[in-house]
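A short write-up of the structure that comes next.
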Amino acid sequence: MMLRLFLSLILAVSFFGSFSAKAETELWGDYSGVTLRVKLIGGGQYEGLYNEVIPWWEENTGGKIEIVTQKNHFELDKEIKKDIASGNLDFCVASNHTSFASQYGDIYTDLNNIMPASVLADYTPLILEHSTVNGRLVQMPRHSDVSNLYYQKSLYEDADNKANFKAKYGYDLTPPETWDQVKDQAIFFSNPPDFYGTQYVGKEEAIAGRFYELVIANGGALFDEDYRPIFNSPAGVEALQWFIDLYNAKAVPDGVLNYLWDDTGLGFASGTIAMNLDWAGWAGFFNDPENSKVAGDIGLVRAPMGSGGLRTGWSGSHSFSMTESCPDKEAAASFLWALTSNKAQMIEARGGLSPTRPAIWDAIIAEKKAEGDEFMLMVFETFKMSLAEDAFTPPLIPEWIEFTNALYPELQAAILGDKSPEDALATASKKATEIMEDAGYF
Amino acid sequence: MRKFLNGPWVLLMPTLIILTCVVLLPLLLSLWTSFTPFKLTKPDTLYRFVGFRNYERLIGDLDFWIAFGRTVLFLAIALNLELVFGLGIALLINKITYGQRTLRTLMMFPMMFSPILVGFQWKYIFNDNIGLMNNFLREFGVIQPIPWLVDGILANVSIMAAEIWSSTSVFAILLLAGLLGIPKDPIEAAKVDGCNSWQVFKNITLPFLMPFVFIAMTIRSLDVARAYDIVQMMTGGGPAKRTELLWTLISRTGYVDAKMGMANAMSYISIFLSIAFTFFFFYKLVEARQRLSYE
């Protein structure tokens with residue numbers, strides 16, 4: 001029945017500038033008279049896509065897009081929760097994220113029943129798996145995020161730095177391979193209040209996620225198979241101690257516990273931070289002399305390893321979903337495809353974002369090689385490897401955000417010295433147990 | 001029936017219907033949800049009655065009571081300081097004879113900013129790295145940056161500074177209205193009798209002004225929850241809950257954790273706080289007016 005909508009489905013080869021991407025299954029149709037109401041994530045790094053793709057889709061289908069909401073993801077999350085409570089789901093497409101999707105129950109439609117297999121075949125299978133909740137594919141992935149370590153190259157090339165570091169720590173000053181080395185080097189480079197070795201996002205889901213990935217890298221875990229908290233462990237204490245040590249050594253700014261993603265990105269661009277763990281979306285900004293004092297002096301290495309021999313790799317994907325209540329699912333499917341198509345992903349990849357289609361990885365790397373853009377080539381090759389080998393998602397459960405809200409104040413309390421790491425993790429573990437019990441896991 | 005239709009009830013009906021729809025029903029619904037495990041993302045939980053479970057949990061929840069106590073302290077300090085500064089500004093403006101209107105308009109500027117914007121401004125001012133305050137202090141030799149929004153006491157002081165900056169003019173305007181309404185005769189008579197300025201202020205101006213003080217206090221104590229946006233922007237209640245107030249806690253519980261049943265239980269407990277403040281100020285208002293008419 002639903003296949004009727006895909007009569008217009010054609011195979012085509014898309015061309016983008018100087019390269020050609022792999023054949024893509026396109027999903028056009030005639031949707032004259034259809035208006036799709038959409039709720040989208042807003043912000044500088046996200047809106048460029050809409051400016052290009054929405055007119056493109058409208059022109060090719062005759063349909064119209066009405067943007068009902070455009071706000072940051074945390075505000076959008078609150079709005080959608082209110083919509084669910086009020087039963088007012090009068091929109092068709094919404095921005096989503098793999099870490100958030102499981103909270104929304106069954107408001108989003110199973111795209112396995114709507115998107116042709118040939119369309120889904122164009123995306124990385126593992127990312128589609130992460131976009132699946134309870135066996136239902138509820139998201140079309142837009143771009144993925146994982147973090148790697150940016151650093152100021154000149155600091156590592158400086159002969160005095162090399163000699164002094166070797167004399168103090170007994171090993172060569174090279175871009176760090178482990179988080180212990182990050183700590184040593186951050187303390188070594190720091191000269192507060194003018195210059196800091198590193199920084200971290202210090203509140204809400206952000207610090208909880210950073211703690212999570214370090215626990216994993218140290219060989220630990222947040223939960224056992226029954227979702228009983230097990231992060232109050234040697235691996236957990238070691239992870240938390242890393243944050244505490246940097247804070248106490250003043251190797252991070254004093255206000256770091258109020259920092260979120262923009263603060264760390266802008267901090268590194270200000271030239272006052274030696275190393276910065278961040279996503280690919282900042283790469284272009286960091287290397288733009290108009291925005292950044294470190295432009296032309298940036299190195300990048302894969303996220304370092306914890307004591308368990310694993311690299312940190314907290315990852316997720318921004319995505320788009322279609323509501324179950326959407327009256328024009330054919331048109332919405334076409335729009336979802338357009339938003340995550342080769343053309344769309346190439347637009348975002350040029351800004352540094354990591355695509356979710358293997359063909360676009362090849363295409364963007366080929367384009368950067370042809371342009372001789374060594375910096376962006378390094379960025380894409382590093383992030384491609386990191387997403388392939390190091391990335392892991394947080395537990396894809398509806399309680400993730402609530403759990404992080406219980407965890408992060410305790411992490412902050414330990415970092416500020418209000419509690420010992422053991423006490424803080426014990427309290428967080430108790431609260432997490434309550435959350436999981438209430439949710440019926442055990 | 002005819003008697004009813006011709007009676008005063010008919011005239012009151014529109015008001016009663018509107019009040020029932022706009023005030024009573026939402027209040028009853030939120031009260032009901034406080035007896036359920038209602039989650040925004042699971043609408044079916046609205047119909048599961050769990051009795052006093054949310055309230056029982058809150059009674060044993062130390063974090064909630066610490067936030068409750070901090071909110072009481074915040075209200076007490078902020079409102080009193082706003083009163084003192086507002087009174088001072090009103091007295092000064094009342095004294096001048098030239099440019100009073102311009103000053104009155106200027107004084108109202110902070111009220112024109114949305115609380116979210118106020119929060120952003122003051123977050124920037126108190127930023128430890130690039131903030132105006134630390135850069136200003138640096139000019140005077142304070143090299144080590146002060147972590148304004150991290151230290152437990154300083155963070156609360158910083159938030160209070162933003163709140164006071166934003167709302168002192170409310171007090172100033174209300175008290176200035178009171179000052180303009182004070183009859184001149186008793187003041188002139190007191191001066192003729194040899195009272196100095198302090199004695200005139202203490203024995204004549206202030207008693208006349210007290211009803212206005214308590215009206216301003218009542219309005220502000222009900223309105224002060226607008227400061228939620230300021231706190232949310234500046235610290236979000238952190239770090240480590242050091243600036244957690246009932247408003248940030250309730251908002252996070254209700255909208256981020258989606259536990260609206262629990263958030264409403266918190267709200268109903270905190271309503272007692274509002275009622276207590278309002279009752280106290282009304283009691284003092286009546287007392288002040290009685291004293292004034294007696295004198």
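The chains in the structure tokens are called A, B, ... from first to last as shown; in each chain the residues are counted from 1, and the ligands are counted from 1 in the order shown.
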Could the residues of chain B that have an atom at most 6 Å from chain A be listed as JSON lines, each with its closest atom pair and the distance in Å to one decimal, counting only C-alpha atoms and ordered by chain and ascending residue number?
```
{"residue": "B:Leu40", "atom": "CA", "partner": "A:Ala85", "partner_atom": "CA", "distance": 4.7}
{"residue": "B:Thr41", "atom": "CA", "partner": "A:Lys81", "partner_atom": "CA", "distance": 5.5}
{"residue": "B:Pro43", "atom": "CA", "partner": "A:Ala85", "partner_atom": "CA", "distance": 5.3}
{"residue": "B:Asp128", "atom": "CA", "partner": "A:Gly255", "partner_atom": "CA", "distance": 5.7}
{"residue": "B:Pro147", "atom": "CA", "partner": "A:Asp254", "partner_atom": "CA", "distance": 5.8}
{"residue": "B:Ala240", "atom": "CA", "partner": "A:Pro409", "partner_atom": "CA", "distance": 4.4}
{"residue": "B:Tyr255", "atom": "CA", "partner": "A:Lys78", "partner_atom": "CA", "distance": 5.6}
{"residue": "B:Asp257", "atom": "CA", "partner": "A:Glu402", "partner_atom": "CA", "distance": 4.8}
```
If we count only C-alpha atoms and set the cut-off at 12 Å, which residues sit around Asn72 in chain A, ignoring sequence neighbours fewer than 3 positions away in its own chain? Please answer as a PDB file with N, CA and C atoms, in the first residue's frame.
```pdb
ATOM      1  N   LYS A  39       9.405  20.843  13.159  1.00  0.00           N
ATOM      2  CA  LYS A  39      10.055  21.434  14.339  1.00  0.00           C
ATOM      3  C   LYS A  39      11.538  21.080  14.257  1.00  0.00           C
ATOM      4  N   LEU A  40      12.363  22.095  14.165  1.00  0.00           N
ATOM      5  CA  LEU A  40      13.770  21.839  13.854  1.00  0.00           C
ATOM      6  C   LEU A  40      14.707  22.394  14.919  1.00  0.00           C
ATOM      7  N   ILE A  41      15.831  21.735  15.051  1.00  0.00           N
ATOM      8  CA  ILE A  41      16.883  22.265  15.925  1.00  0.00           C
ATOM      9  C   ILE A  41      17.444  23.524  15.251  1.00  0.00           C
ATOM     10  N   GLY A  42      17.635  24.578  16.064  1.00  0.00           N
ATOM     11  CA  GLY A  42      18.162  25.822  15.517  1.00  0.00           C
ATOM     12  C   GLY A  42      19.593  26.063  15.970  1.00  0.00           C
ATOM     13  N   GLY A  43      20.156  27.160  15.508  1.00  0.00           N
ATOM     14  CA  GLY A  43      21.538  27.487  15.871  1.00  0.00           C
ATOM     15  C   GLY A  43      22.399  27.543  14.630  1.00  0.00           C
ATOM     16  N   GLY A  44      23.477  28.318  14.731  1.00  0.00           N
ATOM     17  CA  GLY A  44      24.330  28.607  13.582  1.00  0.00           C
ATOM     18  C   GLY A  44      24.778  27.389  12.809  1.00  0.00           C
ATOM     19  N   GLN A  45      25.130  26.322  13.527  1.00  0.00           N
ATOM     20  CA  GLN A  45      25.699  25.169  12.825  1.00  0.00           C
ATOM     21  C   GLN A  45      24.637  24.284  12.174  1.00  0.00           C
ATOM     22  N   TYR A  46      23.377  24.558  12.472  1.00  0.00           N
ATOM     23  CA  TYR A  46      22.327  23.661  11.991  1.00  0.00           C
ATOM     24  C   TYR A  46      21.473  24.276  10.892  1.00  0.00           C
ATOM     25  N   GLU A  47      21.400  25.595  10.853  1.00  0.00           N
ATOM     26  CA  GLU A  47      20.385  26.234  10.021  1.00  0.00           C
ATOM     27  C   GLU A  47      20.771  26.367   8.547  1.00  0.00           C
ATOM     28  N   THR A  69       8.781  25.548  14.790  1.00  0.00           N
ATOM     29  CA  THR A  69       9.702  25.823  15.891  1.00  0.00           C
ATOM     30  C   THR A  69      11.114  25.655  15.397  1.00  0.00           C
ATOM     31  N   GLU A  75      15.743  22.915  24.452  1.00  0.00           N
ATOM     32  CA  GLU A  75      14.434  23.584  24.476  1.00  0.00           C
ATOM     33  C   GLU A  75      13.438  22.820  23.603  1.00  0.00           C
ATOM     34  N   LEU A  76      13.927  22.325  22.482  1.00  0.00           N
ATOM     35  CA  LEU A  76      13.061  21.535  21.598  1.00  0.00           C
ATOM     36  C   LEU A  76      12.597  20.268  22.314  1.00  0.00           C
ATOM     37  N   ASP A  77      13.498  19.657  23.049  1.00  0.00           N
ATOM     38  CA  ASP A  77      13.167  18.455  23.824  1.00  0.00           C
ATOM     39  C   ASP A  77      12.028  18.751  24.807  1.00  0.00           C
ATOM     40  N   LYS A  78      12.130  19.890  25.513  1.00  0.00           N
ATOM     41  CA  LYS A  78      11.073  20.259  26.472  1.00  0.00           C
ATOM     42  C   LYS A  78       9.752  20.459  25.738  1.00  0.00           C
ATOM     43  N   GLU A  79       9.824  21.121  24.587  1.00  0.00           N
ATOM     44  CA  GLU A  79       8.590  21.414  23.845  1.00  0.00           C
ATOM     45  C   GLU A  79       7.912  20.125  23.383  1.00  0.00           C
ATOM     46  N   SER A  95      13.379  17.476  14.457  1.00  0.00           N
ATOM     47  CA  SER A  95      14.769  17.100  14.723  1.00  0.00           C
ATOM     48  C   SER A  95      14.786  16.162  15.922  1.00  0.00           C
ATOM     49  N   ASN A  96      15.758  15.267  15.929  1.00  0.00           N
ATOM     50  CA  ASN A  96      15.857  14.293  17.011  1.00  0.00           C
ATOM     51  C   ASN A  96      17.338  13.997  17.238  1.00  0.00           C
TER      52      ASN A  96
END
```
Report task. Show which residues sit within 6 Å of Asp122 in chain A, as an NGL selection string. Count only C-alpha atoms, and ignore same-chain residues fewer than 2 positions away. Result -> :A and (119-120 or 357)
Output the selection as a PDB file, in the first residue's frame - C-alpha atoms for each residue.
```
ATOM      1  CA  VAL A 119      17.185   4.345   0.495  1.00  0.00           C
ATOM      2  CA  LEU A 120      18.230   2.888   3.846  1.00  0.00           C
ATOM      3  CA  ARG A 357      26.438   8.100   4.481  1.00  0.00           C
TER       4      ARG A 357
END
```
Requested in this report: Apply DSSP to the backbone of this structure and, from range 263-334 of chain A, keep only the residues in strand (DSSP E); write these as a PyMOL selection string.
Outcome: chain A and resi 275-279+298-301+316-322
**Report entry** Separation of CA of Pro211 in chain B from CA of Ile173 in chain B in Å
**Finding:**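 So the two atoms, CA of Ile173 in chain B and CA of Pro211 in chain B, lie 14.1 Å apart.
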Query raised in the report: Looking only at the backbone, which of the residues in range 51-106 of chain A does DSSP tag as helix (DSSP H, G or I), as a list in words?
Result: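 Taking range 51-106 of chain A and keeping helix (DSSP H, G or I) only, one gets Asn51, Glu52, Val53, Ile54, Pro55, Trp56, Trp57, Glu58, Glu59, Asn60, Thr61, His73, Phe74, Glu75, Leu76, Asp77, Lys78, Glu79, Ile80, Lys81, Lys82, Asp83, Ile84, Ala85, Ser86, Ala101, Ser102, Gln103 and Tyr104 of chain A.
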Query raised in the report: Which of these residues is nearest to Asp30 in chain A, using only C-alpha atoms: A:Thr393, A:Asn342, A:Thr98, A:Ser334?
Result: A:Ser334
Query raised in the report: So what do you get for CA of Phe195 in chain A versus CA of Met233 in chain B, distance-wise?
Result: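 Pair CA of Phe195 in chain A / CA of Met233 in chain B returns 25.9 Å.
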**Report entry** Residues near Ser102 in chain A, cut-off 7 Å, only C-alpha atoms, skip fewer than 4 positions along chain, as a VMD selection string
**Finding:** chain A and resid 133 396 to 398
Write to file, as a CSV table (one decimal), in the first residue's frame, the residues of the selection just made, with N, CA and C atoms.
```csv
chain,number,residue,atom,x,y,z
A,133,VAL,N,14.8,2.3,18.0
A,133,VAL,CA,14.3,2.2,19.4
A,133,VAL,C,13.3,1.0,19.5
A,396,LEU,N,21.0,3.6,25.2
A,396,LEU,CA,19.9,4.2,24.5
A,396,LEU,C,18.5,3.8,25.2
A,397,ILE,N,18.4,4.4,26.4
A,397,ILE,CA,17.2,4.2,27.2
A,397,ILE,C,16.5,5.5,27.5
A,398,PRO,N,15.2,5.5,27.7
A,398,PRO,CA,14.4,6.7,28.0
A,398,PRO,C,14.9,7.5,29.2
```
Report task. List the neighbours of Ala265 in chain B out to 7 Å using only C-alpha atoms; skip same-chain residues closer than 6 positions along the sequence, and give me the result as a PyMOL selection string. Result -> chain B and resi 34+54-55
N, CA and C atoms of the current selection, written as an mmCIF file, in the first residue's frame:
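Result went into selection20.cif, see below:
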```
data_model
loop_
_atom_site.group_PDB
_atom_site.id
_atom_site.type_symbol
_atom_site.label_atom_id
_atom_site.label_comp_id
_atom_site.auth_asym_id
_atom_site.auth_seq_id
_atom_site.Cartn_x
_atom_site.Cartn_y
_atom_site.Cartn_z
ATOM 1 N N SER B 34 -0.120 15.784 41.264
ATOM 2 C CA SER B 34 0.858 15.613 42.342
ATOM 3 C C SER B 34 0.606 14.316 43.116
ATOM 4 N N ASN B 54 4.537 10.932 46.241
ATOM 5 C CA ASN B 54 5.440 12.030 45.859
ATOM 6 C C ASN B 54 5.775 12.895 47.074
ATOM 7 N N TYR B 55 4.755 13.177 47.873
ATOM 8 C CA TYR B 55 4.968 14.034 49.050
ATOM 9 C C TYR B 55 5.847 13.316 50.084
#
```
